[in-house]
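Trainee: If it helps, the file is called query_32.pdb and holds PDB, C-alpha atoms, pLDDT in the B column:
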```pdb
ATOM      1  CA  SER A   1       0.000   0.000   0.000  1.00 43.00           C
ATOM      2  CA  PHE A   2       1.077   3.560  -0.695  1.00 40.00           C
ATOM      3  CA  GLN A   3       2.435   5.564   2.295  1.00 42.00           C
ATOM      4  CA  PRO A   4       2.901   9.275   1.644  1.00 40.00           C
ATOM      5  CA  SER A   5       6.159  10.760   2.854  1.00 41.00           C
ATOM      6  CA  GLN A   6       5.884  12.713   6.095  1.00 41.00           C
ATOM      7  CA  GLU A   7       8.490  15.197   4.894  1.00 42.00           C
ATOM      8  CA  GLY A   8       7.183  18.689   4.276  1.00 39.00           C
ATOM      9  CA  ILE A   9       3.824  18.104   5.981  1.00 36.00           C
ATOM     10  CA  GLU A  10       4.624  19.974   9.185  1.00 38.00           C
ATOM     11  CA  VAL A  11       3.829  23.653   9.055  1.00 36.00           C
ATOM     12  CA  SER A  12       5.523  25.982  11.473  1.00 35.00           C
ATOM     13  CA  SER A  13       3.264  28.037  13.704  1.00 36.00           C
ATOM     14  CA  GLU A  14       4.776  31.175  12.194  1.00 37.00           C
ATOM     15  CA  VAL A  15       3.468  30.222   8.752  1.00 36.00           C
ATOM     16  CA  VAL A  16       0.036  29.143  10.019  1.00 34.00           C
ATOM     17  CA  GLU A  17      -0.482  32.433  11.816  1.00 37.00           C
ATOM     18  CA  THR A  18       0.048  34.402   8.643  1.00 33.00           C
ATOM     19  CA  LEU A  19      -2.281  32.376   6.424  1.00 39.00           C
ATOM     20  CA  PRO A  20      -5.601  34.116   5.664  1.00 40.00           C
ATOM     21  CA  GLY A  21      -8.337  33.195   8.094  1.00 41.00           C
ATOM     22  CA  THR A  22      -6.028  31.445  10.521  1.00 38.00           C
ATOM     23  CA  ALA A  23      -4.636  34.345  12.539  1.00 39.00           C
ATOM     24  CA  PRO A  24      -6.089  34.570  16.036  1.00 42.00           C
ATOM     25  CA  GLU A  25      -8.502  37.441  16.406  1.00 51.00           C
ATOM     26  CA  GLY A  26      -7.313  38.374  19.878  1.00 46.00           C
ATOM     27  CA  PRO A  27      -9.257  40.423  22.383  1.00 48.00           C
ATOM     28  CA  PRO A  28     -11.483  43.220  21.132  1.00 52.00           C
ATOM     29  CA  LYS A  29      -9.787  46.604  21.025  1.00 60.00           C
ATOM     30  CA  MET A  30     -10.158  48.600  24.237  1.00 65.00           C
ATOM     31  CA  LYS A  31     -12.406  51.564  23.768  1.00 80.00           C
ATOM     32  CA  TYR A  32     -12.124  53.073  27.253  1.00 87.00           C
ATOM     33  CA  GLY A  33      -9.261  53.656  29.663  1.00 90.00           C
ATOM     34  CA  ASN A  34     -11.290  54.435  32.778  1.00 96.00           C
ATOM     35  CA  ALA A  35     -14.721  54.602  34.379  1.00 97.00           C
ATOM     36  CA  LEU A  36     -15.216  58.278  33.551  1.00 97.00           C
ATOM     37  CA  GLU A  37     -14.791  57.759  29.783  1.00 96.00           C
ATOM     38  CA  LEU A  38     -16.957  54.639  29.760  1.00 97.00           C
ATOM     39  CA  THR A  39     -19.752  56.135  31.841  1.00 97.00           C
ATOM     40  CA  LYS A  40     -19.839  59.387  29.892  1.00 97.00           C
ATOM     41  CA  ASP A  41     -20.084  57.502  26.615  1.00 96.00           C
ATOM     42  CA  PHE A  42     -22.892  55.221  27.762  1.00 96.00           C
ATOM     43  CA  GLU A  43     -24.864  57.797  29.695  1.00 95.00           C
ATOM     44  CA  LYS A  44     -24.514  60.683  27.226  1.00 95.00           C
ATOM     45  CA  PHE A  45     -24.996  64.155  28.659  1.00 97.00           C
ATOM     46  CA  ARG A  46     -28.612  65.197  29.103  1.00 97.00           C
ATOM     47  CA  SER A  47     -29.365  68.739  30.225  1.00 97.00           C
ATOM     48  CA  LYS A  48     -32.957  67.881  31.138  1.00 96.00           C
ATOM     49  CA  SER A  49     -34.032  64.963  33.293  1.00 96.00           C
ATOM     50  CA  TYR A  50     -35.921  62.162  31.580  1.00 95.00           C
ATOM     51  CA  HIS A  51     -37.165  58.632  32.249  1.00 95.00           C
ATOM     52  CA  ALA A  52     -34.556  56.296  30.753  1.00 91.00           C
ATOM     53  CA  THR A  53     -36.922  53.288  30.644  1.00 92.00           C
ATOM     54  CA  ASP A  54     -40.587  52.475  31.188  1.00 92.00           C
ATOM     55  CA  TYR A  55     -39.561  50.798  34.456  1.00 92.00           C
ATOM     56  CA  GLU A  56     -37.980  54.053  35.671  1.00 93.00           C
ATOM     57  CA  LYS A  57     -41.063  56.011  34.616  1.00 94.00           C
ATOM     58  CA  GLU A  58     -43.210  53.614  36.655  1.00 95.00           C
ATOM     59  CA  LYS A  59     -40.934  54.051  39.682  1.00 93.00           C
ATOM     60  CA  GLY A  60     -40.657  57.846  39.329  1.00 94.00           C
ATOM     61  CA  ILE A  61     -36.914  57.767  38.650  1.00 94.00           C
ATOM     62  CA  TRP A  62     -35.497  60.691  36.685  1.00 96.00           C
ATOM     63  CA  THR A  63     -32.108  60.540  34.958  1.00 96.00           C
ATOM     64  CA  GLY A  64     -30.101  63.589  33.949  1.00 96.00           C
ATOM     65  CA  GLY A  65     -26.596  64.930  33.541  1.00 97.00           C
ATOM     66  CA  TYR A  66     -24.395  61.870  33.069  1.00 97.00           C
ATOM     67  CA  GLY A  67     -26.659  59.166  34.437  1.00 96.00           C
ATOM     68  CA  ASN A  68     -27.571  60.775  37.748  1.00 96.00           C
ATOM     69  CA  GLN A  69     -30.789  59.194  39.000  1.00 94.00           C
ATOM     70  CA  THR A  70     -33.065  61.179  41.299  1.00 91.00           C
ATOM     71  CA  SER A  71     -36.691  61.356  42.292  1.00 92.00           C
ATOM     72  CA  LYS A  72     -36.942  64.939  41.015  1.00 93.00           C
ATOM     73  CA  LYS A  73     -36.884  66.448  37.559  1.00 93.00           C
ATOM     74  CA  ARG A  74     -34.170  69.056  37.039  1.00 94.00           C
ATOM     75  CA  THR A  75     -31.842  70.673  34.493  1.00 96.00           C
ATOM     76  CA  TRP A  76     -28.048  70.356  34.277  1.00 96.00           C
ATOM     77  CA  THR A  77     -25.139  72.194  32.756  1.00 97.00           C
ATOM     78  CA  GLU A  78     -22.463  69.947  31.274  1.00 97.00           C
ATOM     79  CA  GLU A  79     -19.977  71.270  33.842  1.00 97.00           C
ATOM     80  CA  GLU A  80     -22.326  70.366  36.740  1.00 97.00           C
ATOM     81  CA  ALA A  81     -22.953  66.939  35.256  1.00 97.00           C
ATOM     82  CA  GLU A  82     -19.264  66.130  34.835  1.00 97.00           C
ATOM     83  CA  LYS A  83     -18.445  67.342  38.353  1.00 98.00           C
ATOM     84  CA  ASP A  84     -21.310  65.211  39.713  1.00 97.00           C
ATOM     85  CA  LEU A  85     -20.124  62.123  37.805  1.00 98.00           C
ATOM     86  CA  ILE A  86     -16.511  62.550  38.947  1.00 98.00           C
ATOM     87  CA  GLY A  87     -17.740  62.890  42.537  1.00 98.00           C
ATOM     88  CA  ARG A  88     -19.869  59.736  42.272  1.00 98.00           C
ATOM     89  CA  LEU A  89     -17.015  57.716  40.768  1.00 98.00           C
ATOM     90  CA  ASP A  90     -14.522  59.003  43.361  1.00 98.00           C
ATOM     91  CA  LYS A  91     -16.906  58.048  46.171  1.00 98.00           C
ATOM     92  CA  ILE A  92     -17.306  54.542  44.735  1.00 98.00           C
ATOM     93  CA  GLY A  93     -13.529  54.243  44.321  1.00 97.00           C
ATOM     94  CA  GLY A  94     -12.994  55.193  47.962  1.00 97.00           C
ATOM     95  CA  ARG A  95     -15.525  52.651  49.109  1.00 97.00           C
ATOM     96  CA  LEU A  96     -13.912  49.923  46.969  1.00 97.00           C
ATOM     97  CA  GLU A  97     -10.567  50.668  48.636  1.00 95.00           C
ATOM     98  CA  LYS A  98     -12.151  50.378  52.098  1.00 96.00           C
ATOM     99  CA  GLU A  99     -14.091  47.194  51.330  1.00 94.00           C
ATOM    100  CA  PHE A 100     -11.397  45.272  49.459  1.00 95.00           C
ATOM    101  CA  THR A 101      -8.359  45.687  51.689  1.00 92.00           C
ATOM    102  CA  GLU A 102      -7.385  41.989  51.669  1.00 91.00           C
ATOM    103  CA  ILE A 103      -6.687  41.863  47.932  1.00 93.00           C
ATOM    104  CA  ASP A 104      -4.795  43.949  45.419  1.00 92.00           C
ATOM    105  CA  LEU A 105      -7.547  45.412  43.245  1.00 94.00           C
ATOM    106  CA  PRO A 106      -5.715  46.545  40.092  1.00 96.00           C
ATOM    107  CA  THR A 107      -6.629  49.895  38.553  1.00 96.00           C
ATOM    108  CA  ASN A 108      -8.365  48.407  35.491  1.00 96.00           C
ATOM    109  CA  LYS A 109     -10.584  46.219  37.675  1.00 97.00           C
ATOM    110  CA  ARG A 110     -11.373  49.107  40.025  1.00 97.00           C
ATOM    111  CA  GLU A 111     -12.292  51.334  37.046  1.00 98.00           C
ATOM    112  CA  ALA A 112     -14.607  48.681  35.572  1.00 98.00           C
ATOM    113  CA  LEU A 113     -16.265  48.215  38.961  1.00 98.00           C
ATOM    114  CA  LYS A 114     -16.724  51.963  39.403  1.00 98.00           C
ATOM    115  CA  SER A 115     -18.646  52.120  36.120  1.00 98.00           C
ATOM    116  CA  LEU A 116     -20.772  49.094  36.976  1.00 98.00           C
ATOM    117  CA  ILE A 117     -21.548  50.254  40.525  1.00 98.00           C
ATOM    118  CA  ASP A 118     -22.425  53.769  39.365  1.00 98.00           C
ATOM    119  CA  ASN A 119     -24.899  52.150  36.988  1.00 96.00           C
ATOM    120  CA  THR A 120     -26.347  49.487  39.298  1.00 96.00           C
ATOM    121  CA  GLY A 121     -26.000  51.007  42.761  1.00 95.00           C
ATOM    122  CA  TRP A 122     -23.797  49.828  45.626  1.00 97.00           C
ATOM    123  CA  ASN A 123     -26.448  47.699  47.362  1.00 97.00           C
ATOM    124  CA  ASN A 124     -27.319  45.814  44.173  1.00 96.00           C
ATOM    125  CA  PHE A 125     -23.619  45.148  43.577  1.00 97.00           C
ATOM    126  CA  LYS A 126     -22.937  43.991  47.136  1.00 98.00           C
ATOM    127  CA  TYR A 127     -26.121  42.311  48.374  1.00 98.00           C
ATOM    128  CA  LYS A 128     -28.408  39.710  46.823  1.00 96.00           C
ATOM    129  CA  LYS A 129     -31.579  41.438  45.673  1.00 93.00           C
ATOM    130  CA  GLY A 130     -30.040  44.684  46.964  1.00 94.00           C
ATOM    131  CA  LYS A 131     -30.747  43.882  50.622  1.00 96.00           C
ATOM    132  CA  LYS A 132     -28.217  43.255  53.384  1.00 96.00           C
ATOM    133  CA  GLU A 133     -30.313  40.521  55.009  1.00 97.00           C
ATOM    134  CA  ASN A 134     -30.075  38.436  51.808  1.00 95.00           C
ATOM    135  CA  GLY A 135     -26.285  38.113  52.094  1.00 97.00           C
ATOM    136  CA  LEU A 136     -23.476  39.032  49.739  1.00 98.00           C
ATOM    137  CA  THR A 137     -23.687  38.530  45.987  1.00 98.00           C
ATOM    138  CA  GLU A 138     -21.553  35.815  44.415  1.00 97.00           C
ATOM    139  CA  ALA A 139     -19.719  38.555  42.502  1.00 98.00           C
ATOM    140  CA  TYR A 140     -18.789  40.368  45.699  1.00 98.00           C
ATOM    141  CA  LYS A 141     -17.600  37.153  47.362  1.00 97.00           C
ATOM    142  CA  ALA A 142     -15.503  36.242  44.316  1.00 97.00           C
ATOM    143  CA  LEU A 143     -13.896  39.689  44.338  1.00 97.00           C
ATOM    144  CA  GLN A 144     -13.054  39.313  48.039  1.00 96.00           C
ATOM    145  CA  LYS A 145     -11.105  36.169  47.134  1.00 96.00           C
ATOM    146  CA  GLY A 146      -9.444  37.721  44.084  1.00 96.00           C
ATOM    147  CA  ASP A 147     -11.181  35.162  41.838  1.00 97.00           C
ATOM    148  CA  TRP A 148     -11.299  37.417  38.762  1.00 98.00           C
ATOM    149  CA  GLU A 149     -12.824  34.838  36.398  1.00 98.00           C
ATOM    150  CA  LYS A 150     -15.764  34.008  38.657  1.00 98.00           C
ATOM    151  CA  ALA A 151     -16.260  37.676  39.544  1.00 98.00           C
ATOM    152  CA  ALA A 152     -16.323  38.626  35.862  1.00 98.00           C
ATOM    153  CA  HIS A 153     -18.860  35.897  35.106  1.00 98.00           C
ATOM    154  CA  GLU A 154     -21.117  37.065  37.936  1.00 98.00           C
ATOM    155  CA  LEU A 155     -20.747  40.755  37.051  1.00 98.00           C
ATOM    156  CA  PHE A 156     -20.674  40.887  33.275  1.00 98.00           C
ATOM    157  CA  ASP A 157     -22.174  37.701  31.805  1.00 98.00           C
ATOM    158  CA  GLU A 158     -25.175  38.439  29.610  1.00 97.00           C
ATOM    159  CA  ASP A 159     -27.416  35.975  31.460  1.00 96.00           C
ATOM    160  CA  VAL A 160     -25.960  36.007  34.986  1.00 96.00           C
ATOM    161  CA  GLY A 161     -24.545  39.517  35.354  1.00 96.00           C
ATOM    162  CA  PHE A 162     -26.108  42.918  35.862  1.00 97.00           C
ATOM    163  CA  THR A 163     -27.937  43.125  32.535  1.00 97.00           C
ATOM    164  CA  LYS A 164     -31.554  43.359  33.672  1.00 95.00           C
ATOM    165  CA  GLN A 165     -33.851  46.024  34.983  1.00 93.00           C
ATOM    166  CA  GLY A 166     -37.218  45.071  36.422  1.00 90.00           C
ATOM    167  CA  GLY A 167     -36.560  41.471  35.325  1.00 91.00           C
ATOM    168  CA  LYS A 168     -36.018  42.426  31.659  1.00 93.00           C
ATOM    169  CA  LYS A 169     -32.674  42.095  29.916  1.00 96.00           C
ATOM    170  CA  LEU A 170     -31.713  45.397  28.283  1.00 96.00           C
ATOM    171  CA  ALA A 171     -29.452  45.490  25.215  1.00 96.00           C
ATOM    172  CA  GLY A 172     -27.748  48.659  26.456  1.00 96.00           C
ATOM    173  CA  LEU A 173     -26.827  46.978  29.735  1.00 97.00           C
ATOM    174  CA  VAL A 174     -25.479  43.932  27.884  1.00 98.00           C
ATOM    175  CA  ARG A 175     -23.244  46.221  25.760  1.00 97.00           C
ATOM    176  CA  ARG A 176     -22.094  48.192  28.792  1.00 97.00           C
ATOM    177  CA  ARG A 177     -21.234  45.039  30.746  1.00 98.00           C
ATOM    178  CA  LYS A 178     -19.168  43.774  27.779  1.00 97.00           C
ATOM    179  CA  ASP A 179     -17.184  47.016  27.670  1.00 97.00           C
ATOM    180  CA  GLU A 180     -16.736  46.940  31.451  1.00 97.00           C
ATOM    181  CA  GLU A 181     -15.504  43.351  31.152  1.00 97.00           C
ATOM    182  CA  ARG A 182     -12.931  44.419  28.528  1.00 96.00           C
ATOM    183  CA  LEU A 183     -11.716  47.144  30.883  1.00 97.00           C
ATOM    184  CA  PHE A 184     -11.714  44.660  33.809  1.00 97.00           C
ATOM    185  CA  PHE A 185      -9.362  42.323  31.929  1.00 96.00           C
ATOM    186  CA  ASN A 186      -7.277  45.014  30.174  1.00 92.00           C
TER     187      ASN A 186
END
```
Hey, can you dump this file as structure tokens for me?

Mentor:
Amino acid sequence: SFQPSQEGIEVSSEVVETLPGTAPEGPPKMKYGNALELTKDFEKFRSKSYHATDYEKEKGIWTGGYGNQTSKKRTWTEEEAEKDLIGRLDKIGGRLEKEFTEIDLPTNKREALKSLIDNTGWNNFKYKKGKKENGLTEAYKALQKGDWEKAAHELFDEDVGFTKQGGKKLAGLVRRRKDEERLFFN
């Protein structure tokens, strides 16, 4: 029976990587370097308060500036809105430093968390169903242990993470969580 020669069959990895369609895609390009850039892009400046979703209209939640949620309608200047956002993110950053003293929380992870927490609220991030008596979220517990993979799954996954409002998955939240995840792992 005919046995083809094995000579010349091996292809070096250098050659394979340069062939069309075989090069690894790699991680998506980072769009944001910090929580401020990411939040500003997703929230977009609004000078007049509005109801971002039907759920928020039902609950009487007004959003204005760069994603500031209040129970009252108001107007914003862009300068006020940016100052407010920086203050919110700084406050979250300070709280992260106080709460996660047992681990080294790298800057990229802290920035991703600041964006997520500004969007979801501290209690929703930390406690199951947003209430202390329900215990800590799996994401929070994973972060305490420095288990980045599990934390990312719990925080950013389209089905498990913080992608729903009022029980409904929102496309904008799915996109935001993906960008936060990229920043988290950058």

Trainee: So what do you get for atom CA of A:Ala52 versus atom CA of A:Gly166, distance-wise?

Mentor: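 These atoms are spaced 12.9 Å apart.
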
Trainee: On this structure, which residues satisfy the PyMOL selection byres ((chain A and resi 85-101) around 12), written as a PDB file with C-alpha atoms, in the coordinates of the input?

Mentor:
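The new file selection_34.pdb reads:
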```
ATOM      1  CA  ASN A  34     -11.290  54.435  32.778  1.00 96.00           C
ATOM      2  CA  ALA A  35     -14.721  54.602  34.379  1.00 97.00           C
ATOM      3  CA  LEU A  36     -15.216  58.278  33.551  1.00 97.00           C
ATOM      4  CA  GLU A  37     -14.791  57.759  29.783  1.00 96.00           C
ATOM      5  CA  LEU A  38     -16.957  54.639  29.760  1.00 97.00           C
ATOM      6  CA  THR A  39     -19.752  56.135  31.841  1.00 97.00           C
ATOM      7  CA  LYS A  40     -19.839  59.387  29.892  1.00 97.00           C
ATOM      8  CA  GLU A  43     -24.864  57.797  29.695  1.00 95.00           C
ATOM      9  CA  LYS A  44     -24.514  60.683  27.226  1.00 95.00           C
ATOM     10  CA  PHE A  45     -24.996  64.155  28.659  1.00 97.00           C
ATOM     11  CA  GLY A  64     -30.101  63.589  33.949  1.00 96.00           C
ATOM     12  CA  GLY A  65     -26.596  64.930  33.541  1.00 97.00           C
ATOM     13  CA  TYR A  66     -24.395  61.870  33.069  1.00 97.00           C
ATOM     14  CA  GLY A  67     -26.659  59.166  34.437  1.00 96.00           C
ATOM     15  CA  ASN A  68     -27.571  60.775  37.748  1.00 96.00           C
ATOM     16  CA  GLN A  69     -30.789  59.194  39.000  1.00 94.00           C
ATOM     17  CA  TRP A  76     -28.048  70.356  34.277  1.00 96.00           C
ATOM     18  CA  GLU A  78     -22.463  69.947  31.274  1.00 97.00           C
ATOM     19  CA  GLU A  79     -19.977  71.270  33.842  1.00 97.00           C
ATOM     20  CA  GLU A  80     -22.326  70.366  36.740  1.00 97.00           C
ATOM     21  CA  ALA A  81     -22.953  66.939  35.256  1.00 97.00           C
ATOM     22  CA  GLU A  82     -19.264  66.130  34.835  1.00 97.00           C
ATOM     23  CA  LYS A  83     -18.445  67.342  38.353  1.00 98.00           C
ATOM     24  CA  ASP A  84     -21.310  65.211  39.713  1.00 97.00           C
ATOM     25  CA  GLU A 102      -7.385  41.989  51.669  1.00 91.00           C
ATOM     26  CA  ILE A 103      -6.687  41.863  47.932  1.00 93.00           C
ATOM     27  CA  ASP A 104      -4.795  43.949  45.419  1.00 92.00           C
ATOM     28  CA  LEU A 105      -7.547  45.412  43.245  1.00 94.00           C
ATOM     29  CA  PRO A 106      -5.715  46.545  40.092  1.00 96.00           C
ATOM     30  CA  THR A 107      -6.629  49.895  38.553  1.00 96.00           C
ATOM     31  CA  ASN A 108      -8.365  48.407  35.491  1.00 96.00           C
ATOM     32  CA  LYS A 109     -10.584  46.219  37.675  1.00 97.00           C
ATOM     33  CA  ARG A 110     -11.373  49.107  40.025  1.00 97.00           C
ATOM     34  CA  GLU A 111     -12.292  51.334  37.046  1.00 98.00           C
ATOM     35  CA  ALA A 112     -14.607  48.681  35.572  1.00 98.00           C
ATOM     36  CA  LEU A 113     -16.265  48.215  38.961  1.00 98.00           C
ATOM     37  CA  LYS A 114     -16.724  51.963  39.403  1.00 98.00           C
ATOM     38  CA  SER A 115     -18.646  52.120  36.120  1.00 98.00           C
ATOM     39  CA  LEU A 116     -20.772  49.094  36.976  1.00 98.00           C
ATOM     40  CA  ILE A 117     -21.548  50.254  40.525  1.00 98.00           C
ATOM     41  CA  ASP A 118     -22.425  53.769  39.365  1.00 98.00           C
ATOM     42  CA  ASN A 119     -24.899  52.150  36.988  1.00 96.00           C
ATOM     43  CA  THR A 120     -26.347  49.487  39.298  1.00 96.00           C
ATOM     44  CA  GLY A 121     -26.000  51.007  42.761  1.00 95.00           C
ATOM     45  CA  TRP A 122     -23.797  49.828  45.626  1.00 97.00           C
ATOM     46  CA  ASN A 123     -26.448  47.699  47.362  1.00 97.00           C
ATOM     47  CA  PHE A 125     -23.619  45.148  43.577  1.00 97.00           C
ATOM     48  CA  LYS A 126     -22.937  43.991  47.136  1.00 98.00           C
ATOM     49  CA  TYR A 140     -18.789  40.368  45.699  1.00 98.00           C
ATOM     50  CA  LYS A 141     -17.600  37.153  47.362  1.00 97.00           C
ATOM     51  CA  ALA A 142     -15.503  36.242  44.316  1.00 97.00           C
ATOM     52  CA  LEU A 143     -13.896  39.689  44.338  1.00 97.00           C
ATOM     53  CA  GLN A 144     -13.054  39.313  48.039  1.00 96.00           C
ATOM     54  CA  LYS A 145     -11.105  36.169  47.134  1.00 96.00           C
ATOM     55  CA  GLY A 146      -9.444  37.721  44.084  1.00 96.00           C
TER      56      GLY A 146
END
```

Trainee: Once the PyMOL selection byres ((chain A and resi 183) around 7) has been evaluated on this model, what residues remain selected, and can you format them as a list in words?

Mentor: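 What the PyMOL selection byres ((chain A and resi 183) around 7) grabs from the file is Met30, Tyr32, Asn108, Lys109, Ala112, Asp179, Glu180, Glu181, Arg182, Phe184, Phe185 and Asn186 of chain A.
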
Trainee: Quick check, in Å to one decimal: how far apart do atom CA of A:Gln165 and atom CA of A:Lys131 lie?

Mentor: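 Between atom CA of A:Gln165 and atom CA of A:Lys131 the gap is 16.1 Å.
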
Trainee: With only C-alpha atoms as the basis for distance, which of A:Thr77, A:Thr53, A:Asn134, A:Asn124 is at the shortest distance from A:Lys168?

Mentor: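 Of the candidates, the smallest distance to A:Lys168 is held by A:Thr53.
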
Trainee: Applied to this file, what does the PyMOL selection byres ((chain A and resi 75) around 7) return in terms of residues, put as number ranges by chain?

Mentor: A: 47-49, 74, 76

Trainee: At what distance in Å, to one decimal, does atom CA of A:Arg175 lie from atom CA of A:Gly33?

Mentor: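 Answer for the atom CA of A:Gly33 to atom CA of A:Arg175 separation: 16.3 Å.
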
Trainee: Nearest residue to A:Thr137 out of A:Lys31, A:Lys150, A:Lys169, A:Arg46, using all atoms listed in the file?

Mentor: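 Closest to A:Thr137, using all atoms listed in the file: A:Lys150.
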